[in-house]
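For reference, protein05.cif is printed below; it contains mmCIF, C-alpha atoms.
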data_input
loop_
_atom_site.label_atom_id
_atom_site.label_comp_id
_atom_site.auth_asym_id
_atom_site.auth_seq_id
_atom_site.Cartn_x
_atom_site.Cartn_y
_atom_site.Cartn_z
CA ARG M 1 -27.84 -50.45 86.95
CA ASP M 2 -29.19 -54.00 86.98
CA ILE M 3 -26.29 -55.05 89.21
CA LEU M 4 -26.16 -52.02 91.47
CA LYS M 5 -29.78 -52.01 92.68
CA PRO M 6 -29.66 -55.58 94.11
CA MET M 7 -26.37 -54.70 95.81
CA ILE M 8 -28.01 -51.72 97.51
CA ASP M 9 -30.93 -53.87 98.62
CA ALA M 10 -28.50 -56.46 99.95
CA THR M 11 -26.67 -53.90 102.09
CA ALA M 12 -29.97 -52.88 103.66
CA ALA M 13 -30.91 -56.49 104.41
CA SER M 14 -27.51 -57.56 105.73
CA GLY M 15 -26.84 -54.53 107.89
CA ALA M 16 -23.68 -53.62 105.97
CA SER M 17 -21.61 -50.62 107.00
CA LYS M 18 -23.08 -47.18 106.47
CA HIS M 19 -20.06 -46.22 104.39
CA LYS M 20 -20.58 -49.06 101.92
CA ARG M 21 -24.29 -48.38 101.62
CA ALA M 22 -23.70 -44.64 101.16
CA ASP M 23 -21.11 -45.30 98.46
CA LEU M 24 -23.46 -47.59 96.52
CA LEU M 25 -26.35 -45.14 96.87
CA LEU M 26 -24.08 -42.38 95.60
CA ARG M 27 -23.25 -44.37 92.46
CA TRP M 28 -26.93 -45.17 92.00
CA SER M 29 -27.82 -41.49 92.33
CA GLU M 30 -25.33 -40.55 89.63
CA LEU M 31 -26.81 -43.14 87.26
CA GLN M 32 -30.33 -41.92 87.97
CA LEU M 33 -29.25 -38.35 87.44
CA GLU M 34 -27.74 -39.16 84.06
CA ALA M 35 -30.75 -41.19 82.94
CA SER M 36 -33.47 -38.72 83.95
CA SER M 37 -34.22 -35.58 81.98
CA THR M 38 -35.19 -33.68 85.14
CA GLY M 39 -32.98 -35.54 87.60
CA MET M 40 -35.84 -36.02 90.05
CA ALA M 41 -35.39 -39.80 89.98
CA ALA M 42 -32.12 -39.30 91.86
CA LEU M 43 -33.56 -37.16 94.66
CA LYS M 44 -34.61 -39.95 97.03
CA SER M 45 -31.27 -41.76 96.93
CA LEU M 46 -29.33 -38.49 97.21
CA LEU M 47 -31.22 -37.57 100.36
CA GLN M 48 -30.43 -41.02 101.76
CA VAL M 49 -26.73 -40.50 101.06
CA LEU M 50 -26.76 -37.09 102.72
CA THR M 51 -28.45 -38.54 105.80
CA LEU M 52 -26.04 -41.49 106.06
CA SER M 53 -22.92 -39.42 105.50
CA LYS M 54 -23.70 -36.41 107.65
CA HIS M 55 -22.50 -37.68 111.03
CA ASP M 56 -20.16 -40.56 110.22
CA GLU M 57 -16.95 -38.94 108.98
CA MET M 58 -17.85 -39.42 105.33
CA ASP M 59 -16.86 -35.92 104.28
CA GLY M 60 -15.97 -36.90 100.72
CA ILE M 61 -19.19 -38.81 100.09
CA HIS M 62 -21.25 -36.02 101.67
CA ALA M 63 -19.55 -33.39 99.51
CA THR M 64 -20.04 -35.48 96.37
CA ALA M 65 -23.72 -35.97 97.16
CA LEU M 66 -24.10 -32.20 97.52
CA SER M 67 -22.41 -31.69 94.15
CA LEU M 68 -24.84 -34.16 92.57
CA LEU M 69 -27.72 -32.35 94.23
CA ALA M 70 -26.36 -29.16 92.66
CA ARG M 71 -26.48 -30.87 89.28
CA LEU M 72 -30.10 -31.79 89.95
CA PHE M 73 -30.91 -28.15 90.74
CA LEU M 74 -29.17 -27.14 87.52
CA LYS M 75 -31.32 -29.57 85.51
CA MET M 76 -34.37 -27.97 87.10
CA GLY M 77 -33.17 -24.54 85.95
CA HIS M 78 -32.01 -23.29 89.36
CA ALA M 79 -28.44 -22.31 88.49
CA LYS M 80 -28.03 -19.91 91.40
CA ARG M 81 -29.03 -22.52 93.97
CA ALA M 82 -26.73 -25.02 92.31
CA LEU M 83 -23.81 -22.59 92.58
CA ALA M 84 -24.50 -22.03 96.27
CA LEU M 85 -24.41 -25.78 96.90
CA LEU M 86 -21.20 -26.22 94.93
CA LYS M 87 -19.49 -23.43 96.85
CA SER M 88 -20.46 -25.09 100.12
CA CYS M 89 -18.93 -28.46 99.24
CA ILE M 90 -16.14 -27.93 96.72
CA ASN M 91 -13.26 -27.73 99.22
CA GLN M 92 -14.20 -31.01 100.91
CA LEU M 93 -14.75 -32.67 97.56
CA VAL M 94 -11.32 -31.64 96.25
CA GLN M 95 -9.65 -32.85 99.46
CA HIS M 96 -11.32 -36.24 99.71
CA GLU M 97 -12.77 -37.46 96.42
CA HIS M 98 -11.62 -39.00 93.14
CA VAL M 99 -10.72 -36.72 90.23
CA HIS M 100 -13.81 -37.96 88.36
CA TYR M 101 -16.14 -36.43 90.93
CA GLN M 102 -14.00 -33.30 91.08
CA GLY M 103 -14.27 -33.01 87.31
CA GLU M 104 -18.03 -33.47 87.43
CA ALA M 105 -18.30 -30.68 90.00
CA MET M 106 -16.21 -28.32 87.86
CA LEU M 107 -18.33 -29.19 84.83
CA THR M 108 -21.50 -28.45 86.81
CA TYR M 109 -19.97 -25.13 87.89
CA ALA M 110 -19.33 -24.26 84.25
CA MET M 111 -22.82 -25.23 83.14
CA CYS M 112 -24.33 -23.10 85.90
CA TYR M 113 -22.55 -20.05 84.55
CA MET M 114 -23.56 -20.99 81.02
CA GLN M 115 -27.19 -21.16 82.10
CA LEU M 116 -26.96 -17.78 83.84
CA SER M 117 -25.34 -16.21 80.77
CA ASN M 118 -28.11 -17.34 78.44
CA PRO M 119 -30.55 -14.45 77.90
CA LYS M 120 -33.18 -16.85 76.51
CA ASN M 121 -33.88 -18.64 79.79
CA ASP M 122 -35.32 -17.52 83.11
CA ALA M 123 -32.32 -18.28 85.33
CA TRP M 124 -31.78 -14.52 85.66
CA MET M 125 -34.83 -14.38 87.95
CA GLU M 126 -32.86 -16.24 90.61
CA VAL M 127 -30.10 -13.64 90.51
CA THR M 128 -32.22 -10.52 90.84
CA GLY M 129 -35.43 -11.88 92.30
CA GLU M 130 -37.20 -9.49 89.96
CA ARG M 131 -39.03 -10.28 86.79
CA GLY M 132 -38.31 -6.90 85.24
CA ALA M 133 -34.50 -6.91 85.15
CA ARG M 134 -32.21 -9.11 83.09
CA PRO M 135 -28.43 -9.34 83.51
CA SER M 136 -26.45 -6.84 81.50
CA SER M 137 -24.26 -7.83 78.58
CA ASN M 138 -21.22 -7.26 80.82
CA GLN M 139 -22.62 -9.65 83.42
CA ARG M 140 -23.31 -12.28 80.75
CA LYS M 141 -19.74 -11.88 79.52
CA ARG M 142 -18.39 -12.40 83.05
CA ASP M 143 -20.54 -15.50 83.43
CA ARG M 144 -19.22 -16.89 80.15
CA LEU M 145 -15.64 -16.23 81.18
CA ASN M 146 -16.32 -18.00 84.48
CA ALA M 147 -17.81 -20.91 82.54
CA LEU M 148 -14.71 -21.09 80.35
CA SER M 149 -12.45 -21.09 83.40
CA PHE M 150 -14.31 -23.97 85.04
CA LEU M 151 -14.39 -25.90 81.76
CA ARG M 152 -10.59 -25.71 81.66
CA ARG M 153 -10.38 -27.04 85.20
CA ALA M 154 -12.81 -29.83 84.36
CA GLN M 155 -10.77 -30.67 81.27
CA GLU M 156 -7.58 -31.02 83.32
CA LEU M 157 -9.30 -33.36 85.77
CA PHE M 158 -10.92 -35.57 83.14
CA GLU M 159 -7.62 -35.78 81.29
CA LYS M 160 -6.14 -37.29 84.45
CA CYS M 161 -8.70 -40.10 84.43
CA GLN M 162 -8.77 -40.28 80.60
CA ASP M 163 -12.53 -39.90 80.29
CA ILE M 164 -12.88 -39.28 76.55
CA HIS M 165 -16.67 -39.00 76.66
CA LYS M 166 -16.51 -36.16 79.18
CA LEU M 167 -13.66 -34.48 77.31
CA LYS M 168 -15.74 -34.56 74.15
CA GLN M 169 -18.58 -32.83 76.00
CA ILE M 170 -16.21 -30.25 77.46
CA HIS M 171 -14.67 -29.39 74.09
CA TYR M 172 -18.15 -28.92 72.64
CA LEU M 173 -19.12 -26.58 75.48
CA GLN M 174 -15.82 -24.68 75.18
CA ALA M 175 -16.51 -24.09 71.50
CA ARG M 176 -20.00 -22.81 72.28
CA VAL M 177 -18.86 -20.44 75.02
CA CYS M 178 -15.98 -19.09 72.94
CA ASN M 179 -18.35 -18.51 70.05
CA ASP M 180 -20.68 -16.54 72.34
CA LEU M 181 -17.74 -14.46 73.58
CA GLY M 182 -17.09 -13.22 70.07
CA ALA M 183 -14.04 -12.21 68.07
CA ASP M 184 -11.52 -12.37 70.93
CA LYS M 185 -12.12 -16.08 71.42
CA LEU M 186 -12.56 -17.33 67.86
CA SER M 187 -9.15 -19.03 67.74
CA GLN M 188 -9.97 -20.84 71.00
CA ARG M 189 -13.36 -21.77 69.55
CA ASP M 190 -11.71 -23.33 66.51
CA ALA M 191 -9.18 -25.20 68.66
CA ALA M 192 -11.94 -26.57 70.89
CA SER M 193 -13.97 -27.56 67.83
CA GLU M 194 -11.02 -29.49 66.44
CA LYS M 195 -10.52 -31.29 69.75
CA PHE M 196 -14.22 -32.14 69.79
CA LEU M 197 -13.93 -33.64 66.31
CA GLN M 198 -10.81 -35.58 67.31
CA ALA M 199 -12.60 -37.02 70.34
CA SER M 200 -15.61 -37.89 68.18
CA ARG M 201 -13.43 -39.69 65.64
CA TYR M 202 -11.60 -41.55 68.38
CA LEU M 203 -14.83 -42.76 69.99
CA ALA M 204 -16.26 -43.74 66.61
CA GLN M 205 -13.13 -45.77 65.90
CA MET M 206 -13.40 -47.42 69.30
CA ARG M 207 -16.99 -48.44 68.53
CA THR M 208 -15.94 -49.77 65.12
CA ASP M 209 -13.10 -51.78 66.65
CA SER M 210 -15.47 -53.19 69.25
CA ILE M 211 -17.93 -54.29 66.56
CA LEU M 212 -15.14 -55.87 64.51
CA ASP M 213 -13.83 -57.68 67.58
CA SER M 214 -17.32 -59.05 68.21
CA LEU M 215 -17.57 -60.24 64.62
CA HIS M 216 -14.17 -61.94 64.81
CA ILE M 217 -15.09 -63.63 68.09
CA GLY M 218 -18.42 -64.72 66.64
CA GLY M 219 -16.67 -66.13 63.58
CA LEU M 220 -14.22 -68.08 65.72
CA GLN M 221 -17.05 -69.47 67.82
CA MET M 222 -18.74 -70.75 64.67
CA LEU M 223 -15.54 -72.60 63.73
CA VAL M 224 -15.18 -74.30 67.10
CA GLY M 225 -15.93 -78.00 66.75
CA ARG M 226 -16.09 -77.90 62.96
CA LYS M 227 -14.00 -80.59 61.25
CA LEU M 228 -11.18 -79.29 59.10
CA PRO M 229 -11.18 -80.56 55.51
CA ILE M 230 -8.28 -83.00 55.05
CA GLY M 231 -5.91 -82.29 52.23
CA SER M 232 -7.29 -78.84 51.50
#

Mind turning the file's structure into C-alpha coordinates?
Amino acid sequence: RDILKPMIDATAASGASKHKRADLLLRWSELQLEASSTGMAALKSLLQVLTLSKHDEMDGIHATALSLLARLFLKMGHAKRALALLKSCINQLVQHEHVHYQGEAMLTYAMCYMQLSNPKNDAWMEVTGERGARPSSNQRKRDRLNALSFLRRAQELFEKCQDIHKLKQIHYLQARVCNDLGADKLSQRDAASEKFLQASRYLAQMRTDSILDSLHIGGLQMLVGRKLPIGS
(Lines of atoms letter the chains of each structure in order from A and count residues from 1; the text may use other names and numbers.)
(Lines give C-alpha, C1' and ligand atoms only; values in the text may rest on other atoms or scores of the structure.)
Protein backbone atom coordinates (compact mmCIF):
# COMPACT_ATOMS: atom_id res chain seq x y z
CA ARG A 1 0.00 0.00 0.00
CA ASP A 2 2.86 2.37 0.81
CA ILE A 3 4.25 1.84 -2.69
CA LEU A 4 0.99 1.84 -4.62
CA LYS A 5 -0.41 5.19 -3.45
CA PRO A 6 2.61 7.25 -4.64
CA MET A 7 2.45 5.41 -7.97
CA ILE A 8 -1.19 6.42 -8.39
CA ASP A 9 -0.36 10.03 -7.53
CA ALA A 10 2.51 9.94 -10.02
CA THR A 11 0.24 8.79 -12.85
CA ALA A 12 -2.07 11.71 -12.17
CA ALA A 13 0.80 14.20 -12.18
CA SER A 14 2.56 12.81 -15.25
CA GLY A 15 -0.50 12.34 -17.42
CA ALA A 16 0.07 8.60 -17.76
CA SER A 17 -2.29 6.49 -19.84
CA LYS A 18 -5.81 5.97 -18.57
CA HIS A 19 -5.29 2.22 -18.70
CA LYS A 20 -2.29 2.32 -16.37
CA ARG A 21 -4.02 4.65 -13.93
CA ALA A 22 -7.19 2.54 -13.95
CA ASP A 23 -5.18 -0.62 -13.31
CA LEU A 24 -3.37 0.93 -10.33
CA LEU A 25 -6.62 2.33 -8.92
CA LEU A 26 -8.18 -1.10 -9.27
CA ARG A 27 -5.39 -2.69 -7.22
CA TRP A 28 -5.70 0.09 -4.65
CA SER A 29 -9.45 -0.47 -4.43
CA GLU A 30 -8.95 -4.16 -3.74
CA LEU A 31 -6.50 -3.38 -0.94
CA GLN A 32 -8.88 -0.84 0.57
CA LEU A 33 -11.74 -3.30 0.33
CA GLU A 34 -9.77 -5.97 2.16
CA ALA A 35 -8.59 -3.58 4.87
CA SER A 36 -11.94 -1.94 5.64
CA SER A 37 -14.65 -3.67 7.64
CA THR A 38 -17.40 -1.93 5.66
CA GLY A 39 -15.53 -1.52 2.38
CA MET A 40 -16.51 2.15 2.11
CA ALA A 41 -12.86 3.21 1.94
CA ALA A 42 -12.72 1.63 -1.52
CA LEU A 43 -15.76 3.43 -2.94
CA LYS A 44 -14.03 6.58 -4.20
CA SER A 45 -11.28 4.73 -6.09
CA LEU A 46 -13.76 2.20 -7.49
CA LEU A 47 -15.89 4.99 -8.92
CA GLN A 48 -12.76 6.49 -10.48
CA VAL A 49 -11.94 3.15 -12.11
CA LEU A 50 -15.46 2.79 -13.46
CA THR A 51 -15.33 6.30 -14.93
CA LEU A 52 -11.91 5.78 -16.54
CA SER A 53 -12.72 2.36 -17.96
CA LYS A 54 -16.22 2.98 -19.26
CA HIS A 55 -15.41 4.44 -22.68
CA ASP A 56 -11.83 3.35 -23.39
CA GLU A 57 -12.07 -0.34 -24.30
CA MET A 58 -11.10 -1.50 -20.83
CA ASP A 59 -13.80 -4.15 -20.60
CA GLY A 60 -11.84 -6.39 -18.25
CA ILE A 61 -10.94 -3.62 -15.82
CA HIS A 62 -14.50 -2.28 -15.90
CA ALA A 63 -15.93 -5.73 -15.19
CA THR A 64 -13.47 -6.31 -12.35
CA ALA A 65 -14.34 -2.96 -10.81
CA LEU A 66 -18.02 -3.91 -10.90
CA SER A 67 -17.22 -7.22 -9.19
CA LEU A 68 -15.35 -5.34 -6.46
CA LEU A 69 -18.29 -2.98 -6.10
CA ALA A 70 -20.47 -6.06 -5.68
CA ARG A 71 -18.18 -7.19 -2.87
CA LEU A 72 -18.61 -3.78 -1.25
CA PHE A 73 -22.41 -4.13 -1.44
CA LEU A 74 -22.09 -7.58 0.11
CA LYS A 75 -20.08 -6.17 3.02
CA MET A 76 -22.85 -3.64 3.54
CA GLY A 77 -25.39 -6.46 3.72
CA HIS A 78 -26.94 -5.93 0.27
CA ALA A 79 -26.54 -9.42 -1.15
CA LYS A 80 -29.27 -9.05 -3.76
CA ARG A 81 -27.72 -5.89 -5.21
CA ALA A 82 -24.33 -7.57 -5.21
CA LEU A 83 -25.73 -10.51 -7.18
CA ALA A 84 -27.27 -8.18 -9.75
CA LEU A 85 -23.91 -6.46 -10.28
CA LEU A 86 -22.08 -9.77 -10.59
CA LYS A 87 -24.54 -11.05 -13.17
CA SER A 88 -24.02 -7.89 -15.22
CA CYS A 89 -20.23 -8.23 -15.38
CA ILE A 90 -19.30 -11.89 -15.01
CA ASN A 91 -19.14 -12.72 -18.74
CA GLN A 92 -16.77 -9.85 -19.52
CA LEU A 93 -14.67 -10.65 -16.47
CA VAL A 94 -14.27 -14.31 -17.46
CA GLN A 95 -13.33 -13.33 -21.02
CA HIS A 96 -10.77 -10.65 -20.20
CA GLU A 97 -9.38 -10.92 -16.68
CA HIS A 98 -6.88 -13.00 -14.71
CA VAL A 99 -8.07 -16.14 -12.92
CA HIS A 100 -7.47 -14.40 -9.57
CA TYR A 101 -10.18 -11.83 -10.27
CA GLN A 102 -12.43 -14.54 -11.69
CA GLY A 103 -11.97 -16.53 -8.50
CA GLU A 104 -12.74 -13.49 -6.36
CA ALA A 105 -15.96 -12.94 -8.30
CA MET A 106 -17.03 -16.57 -7.84
CA LEU A 107 -16.22 -16.33 -4.14
CA THR A 108 -18.32 -13.17 -3.86
CA TYR A 109 -21.15 -14.97 -5.65
CA ALA A 110 -20.96 -17.79 -3.12
CA MET A 111 -20.91 -15.45 -0.14
CA CYS A 112 -23.96 -13.60 -1.49
CA TYR A 113 -25.93 -16.83 -1.49
CA MET A 114 -24.60 -17.67 1.96
CA GLN A 115 -25.82 -14.32 3.24
CA LEU A 116 -29.24 -14.82 1.68
CA SER A 117 -29.52 -18.31 3.17
CA ASN A 118 -28.82 -17.11 6.70
CA PRO A 119 -32.14 -16.70 8.56
CA LYS A 120 -30.45 -14.60 11.25
CA ASN A 121 -29.72 -11.59 9.05
CA ASP A 122 -31.94 -9.11 7.22
CA ALA A 123 -30.78 -9.83 3.66
CA TRP A 124 -34.17 -11.48 3.03
CA MET A 125 -35.74 -8.01 3.00
CA GLU A 126 -33.99 -7.29 -0.30
CA VAL A 127 -35.51 -10.39 -1.87
CA THR A 128 -39.13 -9.82 -0.91
CA GLY A 129 -39.20 -6.12 -0.17
CA GLU A 130 -41.44 -7.01 2.74
CA ARG A 131 -40.59 -7.09 6.39
CA GLY A 132 -43.15 -9.77 7.17
CA ALA A 133 -41.94 -12.64 4.99
CA ARG A 134 -38.74 -14.64 5.31
CA PRO A 135 -37.44 -17.12 2.73
CA SER A 136 -38.69 -20.66 3.16
CA SER A 137 -36.45 -23.52 4.22
CA ASN A 138 -36.52 -24.75 0.61
CA GLN A 139 -35.31 -21.37 -0.63
CA ARG A 140 -32.52 -21.33 1.95
CA LYS A 141 -31.50 -24.81 0.82
CA ARG A 142 -31.37 -23.66 -2.82
CA ASP A 143 -29.26 -20.68 -1.82
CA ARG A 144 -26.84 -22.93 0.05
CA LEU A 145 -26.56 -25.28 -2.91
CA ASN A 146 -25.86 -22.28 -5.14
CA ALA A 147 -23.21 -21.14 -2.67
CA LEU A 148 -21.60 -24.57 -2.75
CA SER A 149 -21.56 -24.57 -6.54
CA PHE A 150 -19.83 -21.19 -6.73
CA LEU A 151 -17.36 -22.20 -4.03
CA ARG A 152 -16.33 -25.15 -6.20
CA ARG A 153 -15.81 -22.85 -9.16
CA ALA A 154 -13.80 -20.44 -7.01
CA GLN A 155 -11.71 -23.34 -5.74
CA GLU A 156 -10.85 -24.45 -9.27
CA LEU A 157 -9.76 -20.93 -10.20
CA PHE A 158 -7.64 -20.33 -7.10
CA GLU A 159 -6.01 -23.73 -7.57
CA LYS A 160 -4.84 -22.51 -10.98
CA CYS A 161 -3.04 -19.55 -9.41
CA GLN A 162 -2.06 -21.54 -6.29
CA ASP A 163 -3.51 -19.06 -3.81
CA ILE A 164 -3.38 -21.09 -0.60
CA HIS A 165 -4.85 -18.33 1.56
CA LYS A 166 -7.97 -18.14 -0.59
CA LEU A 167 -8.22 -21.93 -0.80
CA LYS A 168 -8.11 -22.10 2.99
CA GLN A 169 -11.00 -19.63 3.17
CA ILE A 170 -12.97 -21.56 0.56
CA HIS A 171 -12.54 -24.89 2.35
CA TYR A 172 -13.74 -23.29 5.58
CA LEU A 173 -16.84 -21.90 3.84
CA GLN A 174 -17.49 -25.23 2.11
CA ALA A 175 -17.45 -26.97 5.48
CA ARG A 176 -19.89 -24.43 6.91
CA VAL A 177 -22.33 -24.67 4.00
CA CYS A 178 -22.22 -28.48 3.95
CA ASN A 179 -22.87 -28.53 7.68
CA ASP A 180 -25.91 -26.29 7.20
CA LEU A 181 -27.19 -28.58 4.44
CA GLY A 182 -27.36 -31.47 6.87
CA ALA A 183 -26.91 -35.22 6.67
CA ASP A 184 -26.60 -35.46 2.87
CA LYS A 185 -23.47 -33.33 2.86
CA LEU A 186 -21.67 -34.49 6.00
CA SER A 187 -19.01 -36.43 4.10
CA GLN A 188 -18.30 -33.34 1.97
CA ARG A 189 -18.18 -31.27 5.16
CA ASP A 190 -15.56 -33.58 6.64
CA ALA A 191 -13.51 -33.55 3.43
CA ALA A 192 -13.60 -29.75 3.28
CA SER A 193 -12.64 -29.55 6.96
CA GLU A 194 -9.63 -31.78 6.35
CA LYS A 195 -8.54 -29.64 3.40
CA PHE A 196 -8.92 -26.54 5.57
CA LEU A 197 -6.68 -28.11 8.22
CA GLN A 198 -4.13 -29.13 5.58
CA ALA A 199 -4.02 -25.59 4.22
CA SER A 200 -3.68 -24.20 7.75
CA ARG A 201 -0.78 -26.54 8.52
CA TYR A 202 0.91 -25.68 5.24
CA LEU A 203 0.66 -21.94 5.87
CA ALA A 204 1.86 -22.36 9.45
CA GLN A 205 4.87 -24.30 8.19
CA MET A 206 5.57 -21.60 5.63
CA ARG A 207 5.56 -18.98 8.38
CA THR A 208 7.87 -21.12 10.52
CA ASP A 209 10.27 -21.63 7.62
CA SER A 210 10.27 -17.90 6.95
CA ILE A 211 11.11 -17.13 10.58
CA LEU A 212 13.89 -19.73 10.59
CA ASP A 213 15.29 -18.32 7.36
CA SER A 214 15.34 -14.86 8.94
CA LEU A 215 17.15 -16.20 11.99
CA HIS A 216 19.74 -17.97 9.83
CA ILE A 217 20.29 -14.83 7.75
CA GLY A 218 20.58 -12.75 10.91
CA GLY A 219 23.10 -15.19 12.34
CA LEU A 220 25.20 -15.09 9.19
CA GLN A 221 25.14 -11.31 9.18
CA MET A 222 26.48 -11.30 12.73
CA LEU A 223 29.40 -13.49 11.62
CA VAL A 224 30.35 -11.25 8.71
CA GLY A 225 33.62 -9.48 9.46
CA ARG A 226 34.30 -11.49 12.61
CA LYS A 227 37.81 -12.95 12.77
CA LEU A 228 37.96 -16.72 12.82
CA PRO A 229 39.93 -18.22 15.73
CA ILE A 230 43.18 -19.69 14.40
CA GLY A 231 43.88 -23.29 15.26
CA SER A 232 40.42 -23.97 16.63

Contacts of range 190-197 of chain M within 7 Å, all atoms listed in the file, excl. fewer than 4 positions in-chain, as a PyMOL selection string: chain M and resi 168+171-172+174-175+186+201

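Taking CA of Leu151 in chain M and CA of Ile170 in chain M as the two end points, the separation is 6.4 Å.
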
Between CA of Leu31 in chain M and CA of Lys44 in chain M, what is the spacing in Å? 12.9 Å

Contact residues around Cys112 in chain M with only C-alpha atoms at 8 Å, ignoring same-chain residues under 6 positions, as a PDB file with C-alpha atoms, in the coordinates of the input:
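As written to disk, result_16.pdb reads:
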ATOM      1  CA  LEU M  74     -29.170 -27.140  87.520  1.00  0.00           C
ATOM      2  CA  ALA M  79     -28.440 -22.310  88.490  1.00  0.00           C
ATOM      3  CA  LYS M  80     -28.030 -19.910  91.400  1.00  0.00           C
ATOM      4  CA  ALA M  82     -26.730 -25.020  92.310  1.00  0.00           C
ATOM      5  CA  LEU M  83     -23.810 -22.590  92.580  1.00  0.00           C
ATOM      6  CA  ALA M 147     -17.810 -20.910  82.540  1.00  0.00           C
TER       7      ALA M 147
END

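Evaluated on this file, the PyMOL selection byres ((chain M and resi 99) around 8) matches Val94, Glu97, His98, His100, Tyr101, Gln102, Gly103, Leu157, Phe158, Lys160 and Cys161 of chain M.
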